[in-house]
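Participant: Here you go, query-v4.tsv (TSV, N, CA and C atoms):
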```tsv
chain	number	residue	atom	x	y	z
A	1073	MET	N	132.72	88.10	73.11
A	1073	MET	CA	132.15	86.79	72.87
A	1073	MET	C	133.11	85.72	73.39
A	1074	THR	N	132.59	84.77	74.11
A	1074	THR	CA	133.42	83.71	74.67
A	1074	THR	C	133.54	82.54	73.70
A	1075	GLU	N	134.61	81.80	73.87
A	1075	GLU	CA	134.82	80.60	73.05
A	1075	GLU	C	133.82	79.52	73.47
A	1076	PRO	N	133.41	78.68	72.53
A	1076	PRO	CA	132.51	77.59	72.89
A	1076	PRO	C	133.16	76.65	73.91
A	1077	ILE	N	132.35	76.05	74.74
A	1077	ILE	CA	132.82	75.07	75.72
A	1077	ILE	C	132.53	73.69	75.15
A	1078	THR	N	133.57	72.88	75.05
A	1078	THR	CA	133.40	71.53	74.54
A	1078	THR	C	133.64	70.53	75.66
A	1079	LEU	N	133.29	69.29	75.41
A	1079	LEU	CA	133.50	68.24	76.40
A	1079	LEU	C	134.99	68.07	76.70
A	1080	ALA	N	135.83	68.32	75.71
A	1080	ALA	CA	137.27	68.23	75.93
A	1080	ALA	C	137.78	69.35	76.84
A	1081	ASP	N	137.06	70.47	76.88
A	1081	ASP	CA	137.47	71.61	77.70
A	1081	ASP	C	137.17	71.40	79.19
A	1082	ASP	N	136.15	70.64	79.49
A	1082	ASP	CA	135.68	70.54	80.86
A	1082	ASP	C	135.35	69.09	81.21
A	1083	PRO	N	136.25	68.42	81.93
A	1083	PRO	CA	136.01	67.01	82.26
A	1083	PRO	C	134.77	66.79	83.14
A	1084	ASP	N	134.40	67.78	83.95
A	1084	ASP	CA	133.18	67.64	84.76
A	1084	ASP	C	131.95	67.65	83.86
A	1085	LEU	N	131.95	68.48	82.85
A	1085	LEU	CA	130.85	68.50	81.89
A	1085	LEU	C	130.79	67.16	81.15
A	1086	ALA	N	131.94	66.66	80.72
A	1086	ALA	CA	131.97	65.36	80.03
A	1086	ALA	C	131.44	64.26	80.94
A	1087	HIS	N	131.77	64.32	82.21
A	1087	HIS	CA	131.28	63.31	83.16
A	1087	HIS	C	129.75	63.41	83.31
A	1088	LEU	N	129.23	64.63	83.39
A	1088	LEU	CA	127.78	64.79	83.50
A	1088	LEU	C	127.07	64.23	82.27
A	1089	ILE	N	127.64	64.46	81.09
A	1089	ILE	CA	127.05	63.92	79.87
A	1089	ILE	C	127.10	62.39	79.91
A	1090	ASP	N	128.21	61.82	80.39
A	1090	ASP	CA	128.29	60.36	80.53
A	1090	ASP	C	127.20	59.84	81.46
A	1091	LEU	N	126.96	60.55	82.55
A	1091	LEU	CA	125.89	60.13	83.48
A	1091	LEU	C	124.53	60.20	82.80
A	1092	LEU	N	124.27	61.28	82.08
A	1092	LEU	CA	122.99	61.40	81.38
A	1092	LEU	C	122.83	60.31	80.33
A	1093	ASP	N	123.94	59.90	79.70
A	1093	ASP	CA	123.89	58.82	78.71
A	1093	ASP	C	123.51	57.48	79.34
A	1094	MET	N	123.66	57.36	80.64
A	1094	MET	CA	123.25	56.12	81.32
A	1094	MET	C	121.74	56.00	81.41
A	1095	LEU	N	121.03	57.12	81.30
A	1095	LEU	CA	119.57	57.11	81.34
A	1095	LEU	C	119.02	56.86	79.94
A	1096	ARG	N	117.82	56.37	79.88
A	1096	ARG	CA	117.15	56.23	78.59
A	1096	ARG	C	116.94	57.62	78.00
A	1097	GLY	N	116.79	57.67	76.70
A	1097	GLY	CA	116.71	58.93	75.99
A	1097	GLY	C	115.36	59.63	76.11
A	1098	PRO	N	115.25	60.80	75.50
A	1098	PRO	CA	114.04	61.62	75.60
A	1098	PRO	C	112.81	60.97	74.98
A	1099	GLU	N	112.98	59.90	74.23
A	1099	GLU	CA	111.82	59.19	73.66
A	1099	GLU	C	111.02	58.44	74.72
A	1100	VAL	N	111.58	58.28	75.91
A	1100	VAL	CA	110.89	57.57	76.99
A	1100	VAL	C	110.02	58.57	77.75
A	1101	ALA	N	108.78	58.71	77.30
A	1101	ALA	CA	107.87	59.70	77.89
A	1101	ALA	C	107.58	59.42	79.35
A	1102	SER	N	107.60	58.16	79.76
A	1102	SER	CA	107.30	57.85	81.16
A	1102	SER	C	108.42	58.33	82.09
A	1103	LEU	N	109.57	58.65	81.55
A	1103	LEU	CA	110.64	59.23	82.34
A	1103	LEU	C	110.67	60.76	82.19
A	1104	TRP	N	110.65	61.24	80.95
A	1104	TRP	CA	110.90	62.64	80.67
A	1104	TRP	C	109.65	63.49	80.49
A	1105	GLY	N	108.49	62.88	80.31
A	1105	GLY	CA	107.27	63.64	80.06
A	1105	GLY	C	107.05	63.83	78.57
A	1106	GLU	N	105.89	64.43	78.24
A	1106	GLU	CA	105.52	64.59	76.84
A	1106	GLU	C	105.15	66.03	76.53
A	1107	GLY	N	105.16	66.33	75.23
A	1107	GLY	CA	104.68	67.62	74.74
A	1107	GLY	C	105.38	68.80	75.36
A	1108	ASP	N	104.59	69.82	75.69
A	1108	ASP	CA	105.14	71.04	76.27
A	1108	ASP	C	105.73	70.82	77.67
A	1109	TYR	N	105.39	69.70	78.29
A	1109	TYR	CA	105.86	69.42	79.65
A	1109	TYR	C	107.03	68.45	79.66
A	1110	SER	N	107.63	68.21	78.51
A	1110	SER	CA	108.74	67.27	78.43
A	1110	SER	C	110.00	67.87	79.02
A	1111	ILE	N	110.46	67.27	80.09
A	1111	ILE	CA	111.73	67.68	80.69
A	1111	ILE	C	112.87	67.32	79.73
A	1112	GLY	N	112.68	66.25	78.96
A	1112	GLY	CA	113.68	65.87	77.97
A	1112	GLY	C	113.93	66.96	76.95
A	1113	LYS	N	112.89	67.69	76.57
A	1113	LYS	CA	113.06	68.81	75.63
A	1113	LYS	C	113.91	69.92	76.24
A	1114	LYS	N	113.73	70.17	77.54
A	1114	LYS	CA	114.54	71.18	78.21
A	1114	LYS	C	116.01	70.77	78.16
A	1115	PHE	N	116.27	69.50	78.49
A	1115	PHE	CA	117.64	69.01	78.47
A	1115	PHE	C	118.21	69.09	77.05
A	1116	ALA	N	117.44	68.65	76.06
A	1116	ALA	CA	117.91	68.63	74.67
A	1116	ALA	C	118.28	70.03	74.18
A	1117	SER	N	117.52	71.03	74.60
A	1117	SER	CA	117.79	72.40	74.13
A	1117	SER	C	119.15	72.89	74.58
A	1118	ARG	N	119.66	72.37	75.69
A	1118	ARG	CA	120.99	72.77	76.19
A	1118	ARG	C	122.06	71.77	75.79
A	1119	LEU	N	121.67	70.50	75.63
A	1119	LEU	CA	122.65	69.48	75.25
A	1119	LEU	C	123.09	69.61	73.80
A	1120	ARG	N	122.17	69.93	72.91
A	1120	ARG	CA	122.52	69.98	71.48
A	1120	ARG	C	123.70	70.90	71.18
A	1121	PRO	N	123.66	72.16	71.64
A	1121	PRO	CA	124.81	73.02	71.32
A	1121	PRO	C	126.11	72.50	71.96
A	1122	ILE	N	126.02	71.97	73.16
A	1122	ILE	CA	127.21	71.44	73.83
A	1122	ILE	C	127.78	70.27	73.03
A	1123	LEU	N	126.92	69.35	72.64
A	1123	LEU	CA	127.37	68.17	71.91
A	1123	LEU	C	127.83	68.49	70.51
A	1124	ASN	N	127.36	69.60	69.96
A	1124	ASN	CA	127.80	70.05	68.63
A	1124	ASN	C	129.04	70.94	68.69
A	1125	GLY	N	129.63	71.08	69.88
A	1125	GLY	CA	130.84	71.88	70.02
A	1125	GLY	C	130.60	73.38	70.03
A	1126	GLN	N	129.35	73.79	70.28
A	1126	GLN	CA	129.00	75.21	70.27
A	1126	GLN	C	128.40	75.66	71.60
A	1127	GLY	N	128.68	74.91	72.66
A	1127	GLY	CA	128.12	75.25	73.97
A	1127	GLY	C	128.67	76.54	74.52
A	1128	ARG	N	127.80	77.29	75.15
A	1128	ARG	CA	128.18	78.53	75.81
A	1128	ARG	C	128.10	78.31	77.32
A	1129	PRO	N	128.73	79.17	78.10
A	1129	PRO	CA	128.64	79.01	79.55
A	1129	PRO	C	127.20	78.89	80.05
A	1130	GLN	N	126.28	79.67	79.47
A	1130	GLN	CA	124.89	79.60	79.94
A	1130	GLN	C	124.24	78.26	79.61
A	1131	ASP	N	124.67	77.60	78.52
A	1131	ASP	CA	124.15	76.27	78.21
A	1131	ASP	C	124.57	75.27	79.28
A	1132	VAL	N	125.85	75.33	79.64
A	1132	VAL	CA	126.37	74.42	80.67
A	1132	VAL	C	125.69	74.71	82.00
A	1133	ASP	N	125.57	75.98	82.33
A	1133	ASP	CA	124.93	76.38	83.58
A	1133	ASP	C	123.48	75.88	83.64
A	1134	TYR	N	122.71	76.14	82.58
A	1134	TYR	CA	121.31	75.70	82.58
A	1134	TYR	C	121.20	74.18	82.63
A	1135	LEU	N	122.07	73.48	81.88
A	1135	LEU	CA	122.04	72.03	81.93
A	1135	LEU	C	122.27	71.54	83.35
A	1136	ALA	N	123.26	72.09	84.01
A	1136	ALA	CA	123.55	71.69	85.39
A	1136	ALA	C	122.39	72.03	86.33
A	1137	VAL	N	121.79	73.19	86.15
A	1137	VAL	CA	120.63	73.57	86.97
A	1137	VAL	C	119.47	72.60	86.71
A	1138	TYR	N	119.27	72.22	85.45
A	1138	TYR	CA	118.21	71.25	85.14
A	1138	TYR	C	118.46	69.93	85.85
A	1139	VAL	N	119.71	69.48	85.90
A	1139	VAL	CA	120.02	68.24	86.62
A	1139	VAL	C	119.66	68.39	88.09
A	1140	LEU	N	120.05	69.50	88.69
A	1140	LEU	CA	119.72	69.72	90.11
A	1140	LEU	C	118.21	69.78	90.32
A	1141	LYS	N	117.52	70.47	89.43
A	1141	LYS	CA	116.08	70.68	89.60
A	1141	LYS	C	115.27	69.42	89.30
A	1142	TYR	N	115.59	68.73	88.21
A	1142	TYR	CA	114.74	67.64	87.74
A	1142	TYR	C	115.25	66.25	88.09
A	1143	LEU	N	116.54	66.10	88.37
A	1143	LEU	CA	117.11	64.79	88.62
A	1143	LEU	C	117.84	64.70	89.96
A	1144	GLY	N	117.96	65.81	90.66
A	1144	GLY	CA	118.70	65.84	91.92
A	1144	GLY	C	117.94	65.18	93.06
A	1145	LYS	N	118.65	64.98	94.12
A	1145	LYS	CA	118.08	64.34	95.31
A	1145	LYS	C	116.85	65.10	95.81
A	1146	ASP	N	115.82	64.35	96.12
A	1146	ASP	CA	114.58	64.87	96.70
A	1146	ASP	C	113.84	65.86	95.79
A	1147	ASN	N	114.11	65.82	94.48
A	1147	ASN	CA	113.35	66.68	93.59
A	1147	ASN	C	111.93	66.14	93.47
A	1148	THR	N	111.03	66.94	92.98
A	1148	THR	CA	109.62	66.51	92.86
A	1148	THR	C	109.23	66.17	91.43
A	1149	HIS	N	110.18	66.20	90.51
A	1149	HIS	CA	109.88	65.99	89.10
A	1149	HIS	C	110.12	64.55	88.66
A	1150	ILE	N	111.35	64.08	88.81
A	1150	ILE	CA	111.70	62.70	88.46
A	1150	ILE	C	112.35	62.08	89.68
A	1151	PRO	N	111.59	61.31	90.45
A	1151	PRO	CA	112.13	60.75	91.70
A	1151	PRO	C	113.23	59.71	91.43
A	1152	GLN	N	114.00	59.48	92.45
A	1152	GLN	CA	115.12	58.54	92.36
A	1152	GLN	C	114.66	57.16	91.89
A	1153	GLU	N	113.48	56.74	92.27
A	1153	GLU	CA	112.98	55.43	91.86
A	1153	GLU	C	112.84	55.36	90.34
A	1154	GLN	N	112.40	56.46	89.72
A	1154	GLN	CA	112.29	56.51	88.25
A	1154	GLN	C	113.67	56.47	87.61
A	1155	ILE	N	114.59	57.20	88.19
A	1155	ILE	CA	115.96	57.19	87.67
A	1155	ILE	C	116.53	55.78	87.74
A	1156	THR	N	116.34	55.13	88.88
A	1156	THR	CA	116.81	53.75	89.05
A	1156	THR	C	116.19	52.84	87.99
A	1157	LYS	N	114.91	53.00	87.75
A	1157	LYS	CA	114.21	52.16	86.78
A	1157	LYS	C	114.78	52.31	85.37
A	1158	TRP	N	115.16	53.53	85.00
A	1158	TRP	CA	115.55	53.80	83.62
A	1158	TRP	C	117.06	53.86	83.41
A	1159	LEU	N	117.84	53.54	84.42
A	1159	LEU	CA	119.30	53.47	84.25
A	1159	LEU	C	119.65	52.24	83.43
A	1160	ARG	N	120.48	52.42	82.44
A	1160	ARG	CA	120.88	51.30	81.59
A	1160	ARG	C	121.82	50.37	82.34
A	1161	GLY	N	121.59	49.07	82.22
A	1161	GLY	CA	122.53	48.07	82.69
A	1161	GLY	C	122.55	47.77	84.17
A	1162	VAL	N	121.71	48.40	84.97
A	1162	VAL	CA	121.78	48.14	86.42
A	1162	VAL	C	120.58	47.33	86.92
A	1163	ASN	N	119.65	47.04	86.03
A	1163	ASN	CA	118.51	46.17	86.36
A	1163	ASN	C	117.76	46.59	87.62
A	1164	GLY	N	117.53	47.88	87.76
A	1164	GLY	CA	116.72	48.38	88.87
A	1164	GLY	C	117.38	48.33	90.23
A	1165	LEU	N	118.68	48.21	90.29
A	1165	LEU	CA	119.41	48.14	91.56
A	1165	LEU	C	119.31	49.48	92.28
A	1166	PRO	N	118.62	49.54	93.44
A	1166	PRO	CA	118.42	50.82	94.12
A	1166	PRO	C	119.71	51.56	94.46
A	1167	ALA	N	120.74	50.83	94.87
A	1167	ALA	CA	122.00	51.49	95.22
A	1167	ALA	C	122.60	52.20	94.02
A	1168	ALA	N	122.41	51.64	92.83
A	1168	ALA	CA	122.94	52.29	91.62
A	1168	ALA	C	122.18	53.59	91.36
A	1169	GLY	N	120.87	53.59	91.54
A	1169	GLY	CA	120.09	54.81	91.37
A	1169	GLY	C	120.50	55.87	92.36
A	1170	HIS	N	120.71	55.45	93.59
A	1170	HIS	CA	121.14	56.38	94.64
A	1170	HIS	C	122.50	56.97	94.29
A	1171	ALA	N	123.44	56.12	93.89
A	1171	ALA	CA	124.78	56.58	93.54
A	1171	ALA	C	124.73	57.52	92.34
A	1172	TRP	N	123.87	57.20	91.35
A	1172	TRP	CA	123.75	58.06	90.17
A	1172	TRP	C	123.28	59.45	90.58
A	1173	VAL	N	122.24	59.50	91.39
A	1173	VAL	CA	121.70	60.80	91.82
A	1173	VAL	C	122.75	61.59	92.59
A	1174	GLU	N	123.45	60.93	93.49
A	1174	GLU	CA	124.48	61.63	94.27
A	1174	GLU	C	125.59	62.16	93.36
A	1175	ASP	N	126.05	61.34	92.43
A	1175	ASP	CA	127.13	61.75	91.52
A	1175	ASP	C	126.66	62.86	90.59
A	1176	ALA	N	125.48	62.72	90.02
A	1176	ALA	CA	124.96	63.74	89.11
A	1176	ALA	C	124.75	65.07	89.84
A	1177	THR	N	124.23	65.01	91.05
A	1177	THR	CA	124.00	66.23	91.84
A	1177	THR	C	125.32	66.91	92.17
A	1178	ARG	N	126.29	66.14	92.62
A	1178	ARG	CA	127.60	66.71	92.97
A	1178	ARG	C	128.27	67.33	91.73
A	1179	THR	N	128.23	66.63	90.62
A	1179	THR	CA	128.85	67.13	89.39
A	1179	THR	C	128.13	68.38	88.89
A	1180	ALA	N	126.81	68.36	88.93
A	1180	ALA	CA	126.03	69.52	88.49
A	1180	ALA	C	126.34	70.74	89.37
A	1181	TRP	N	126.47	70.52	90.67
A	1181	TRP	CA	126.77	71.64	91.56
A	1181	TRP	C	128.14	72.24	91.25
A	1182	ILE	N	129.12	71.40	90.95
A	1182	ILE	CA	130.44	71.89	90.56
A	1182	ILE	C	130.32	72.78	89.33
A	1183	LEU	N	129.54	72.34	88.34
A	1183	LEU	CA	129.38	73.12	87.12
A	1183	LEU	C	128.60	74.41	87.36
A	1184	VAL	N	127.57	74.35	88.17
A	1184	VAL	CA	126.79	75.56	88.46
A	1184	VAL	C	127.67	76.60	89.14
A	1185	THR	N	128.45	76.19	90.12
A	1185	THR	CA	129.29	77.18	90.79
A	1185	THR	C	130.40	77.68	89.87
A	1186	ARG	N	130.88	76.84	89.00
A	1186	ARG	CA	131.94	77.28	88.06
A	1186	ARG	C	131.40	78.30	87.06
A	1187	TYR	N	130.20	78.08	86.55
A	1187	TYR	CA	129.69	78.95	85.48
A	1187	TYR	C	128.74	80.03	85.98
A	1188	SER	N	128.22	79.92	87.18
A	1188	SER	CA	127.28	80.92	87.70
A	1188	SER	C	127.87	81.83	88.77
A	1189	LEU	N	128.88	81.35	89.46
A	1189	LEU	CA	129.39	82.10	90.60
A	1189	LEU	C	129.77	83.54	90.27
A	1190	PRO	N	130.43	83.80	89.15
A	1190	PRO	CA	130.74	85.21	88.85
A	1190	PRO	C	129.49	86.08	88.77
A	1191	ARG	N	128.42	85.53	88.20
A	1191	ARG	CA	127.16	86.29	88.09
A	1191	ARG	C	126.52	86.45	89.46
A	1192	TRP	N	126.57	85.40	90.28
A	1192	TRP	CA	125.97	85.47	91.62
A	1192	TRP	C	126.72	86.46	92.50
A	1193	ARG	N	128.01	86.53	92.31
A	1193	ARG	CA	128.84	87.40	93.13
A	1193	ARG	C	128.52	88.86	92.86
A	1194	GLY	N	128.07	89.16	91.67
A	1194	GLY	CA	127.78	90.53	91.31
A	1194	GLY	C	129.04	91.26	90.88
A	1195	SER	N	129.07	92.54	91.12
A	1195	SER	CA	130.19	93.35	90.64
A	1195	SER	C	131.38	93.33	91.59
A	1196	GLY	N	131.21	92.75	92.75
A	1196	GLY	CA	132.29	92.74	93.72
A	1196	GLY	C	133.40	91.77	93.37
A	1197	THR	N	134.47	91.84	94.11
A	1197	THR	CA	135.59	90.93	93.91
A	1197	THR	C	135.47	89.76	94.88
A	1198	GLN	N	136.26	88.76	94.62
A	1198	GLN	CA	136.21	87.55	95.45
A	1198	GLN	C	136.48	87.88	96.91
A	1199	GLY	N	135.56	87.50	97.79
A	1199	GLY	CA	135.72	87.69	99.22
A	1199	GLY	C	135.51	89.11	99.72
A	1200	GLU	N	135.08	90.01	98.84
A	1200	GLU	CA	134.96	91.42	99.18
A	1200	GLU	C	134.12	91.67	100.44
A	1201	HIS	N	133.03	90.95	100.57
A	1201	HIS	CA	132.11	91.17	101.70
A	1201	HIS	C	132.76	90.84	103.03
A	1202	TRP	N	133.73	89.96	103.02
A	1202	TRP	CA	134.38	89.56	104.25
A	1202	TRP	C	135.42	90.59	104.70
A	1203	LEU	N	135.89	91.39	103.77
A	1203	LEU	CA	136.87	92.41	104.13
A	1203	LEU	C	136.23	93.54	104.91
A	1204	THR	N	134.95	93.79	104.66
A	1204	THR	CA	134.27	94.89	105.33
A	1204	THR	C	133.40	94.44	106.49
A	1205	ALA	N	133.45	93.14	106.80
A	1205	ALA	CA	132.63	92.62	107.90
A	1205	ALA	C	133.12	93.16	109.24
A	1206	PRO	N	132.19	93.36	110.17
A	1206	PRO	CA	132.58	93.89	111.50
A	1206	PRO	C	133.47	92.91	112.27
```
Reformat the file's structure so that it appears as structure tokens.
Facilitator:
Amino acid sequence: MTEPITLADDPDLAHLIDLLDMLRGPEVASLWGEGDYSIGKKFASRLRPILNGQGRPQDVDYLAVYVLKYLGKDNTHIPQEQITKWLRGVNGLPAAGHAWVEDATRTAWILVTRYSLPRWRGSGTQGEHWLTAP
């Protein structure tokens, strides 16, 4: 069993949470959706254990994947214009929405590779495939 991952353990995770805090909360259905289709519910299911100090690697991984899938550049779920509209304190400034998406995507990718890469690599060791390449 692995130790819980807290915001103090991973500054990239803490940064991603700070970015998410810039958006309006899950009560804004026009951003997150409603009912069974609420993207906010997906985020909350992974954020709660992390914020309660009980996050597991898979919680961080899924949260980061959700950011890439639902909030990342050129996604089809929540477009950048919606993110720009619901960012706190920027008054709809398009450059702020663009910067938010770029930062969130980059941070999420760092977390995905940190917490998923061992699983993606499989049973091999780091760089193993390159040692046997022709």
Participant: For CA of Val1162 in chain A and atom N of Thr1185 in chain A, determine how far apart the two atoms are, in Å to one decimal place.
Facilitator: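 If I compute the distance from CA of Val1162 in chain A to atom N of Thr1185 in chain A, I get 29.1 Å.
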Participant: If I put a ball of radius 12 Å at (113.0, 68.7, 83.8) in the file's coordinates, which residues poke into it when counting only C-alpha atoms, written as a PyMOL selection string?
Facilitator: chain A and resi 1098+1101+1103-1106+1108-1118+1134-1144+1147-1151
Participant: Have a look at atom C of Pro1121 in chain A and CA of Ile1077 in chain A and let me know their distance in Å, one decimal.
Facilitator: 8.1 Å
Participant: Could you please determine the separation between atom N of Trp1172 in chain A and atom C of Gly1107 in chain A in Å, to one decimal place?
Facilitator: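 One can read the atom N of Trp1172 in chain A to atom C of Gly1107 in chain A distance as 27.1 Å.
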Participant: Within range 1101-1196 of chain A, find each residue whose DSSP state, derived from the backbone, is helix (DSSP H, G or I), and express the selection as a PyMOL selection string.
Facilitator: chain A and resi 1101-1104+1107-1109+1111-1123+1129-1143+1152-1158+1166-1193
Participant: Would you mind telling me which residue in A:Trp1181, A:Ala1176, A:Asp1093, A:Gln1130 lies nearest to Arg1160 in chain A when using only N, CA and C atoms?
Facilitator: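 For Arg1160 in chain A, the nearest of the candidates is A:Asp1093.
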Participant: For Ile1089 in chain A, which residue among A:Glu1075, A:Val1173, A:Leu1123, A:Lys1145 is the nearest when counting only C-alpha atoms?
Facilitator: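 Residue with the minimum atom-to-atom distance to Ile1089 in chain A: A:Leu1123.
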Participant: Go through A:Thr1177, A:Gln1152, A:Gln1198, A:Ser1188 and flag the residue nearest Asp1133 in chain A, using all atoms listed in the file for the distances.
Facilitator: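 Using all atoms listed in the file, the shortest distance to Asp1133 in chain A belongs to A:Ser1188.
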Participant: Set the distance at 8 Å and use all atoms listed in the file: which residues neighbour Ala1168 in chain A once local chain neighbours fewer than 6 positions away are removed? I'd like the list as a ChimeraX atom specification.
Facilitator: /A:1155-1156,1159,1162,1174
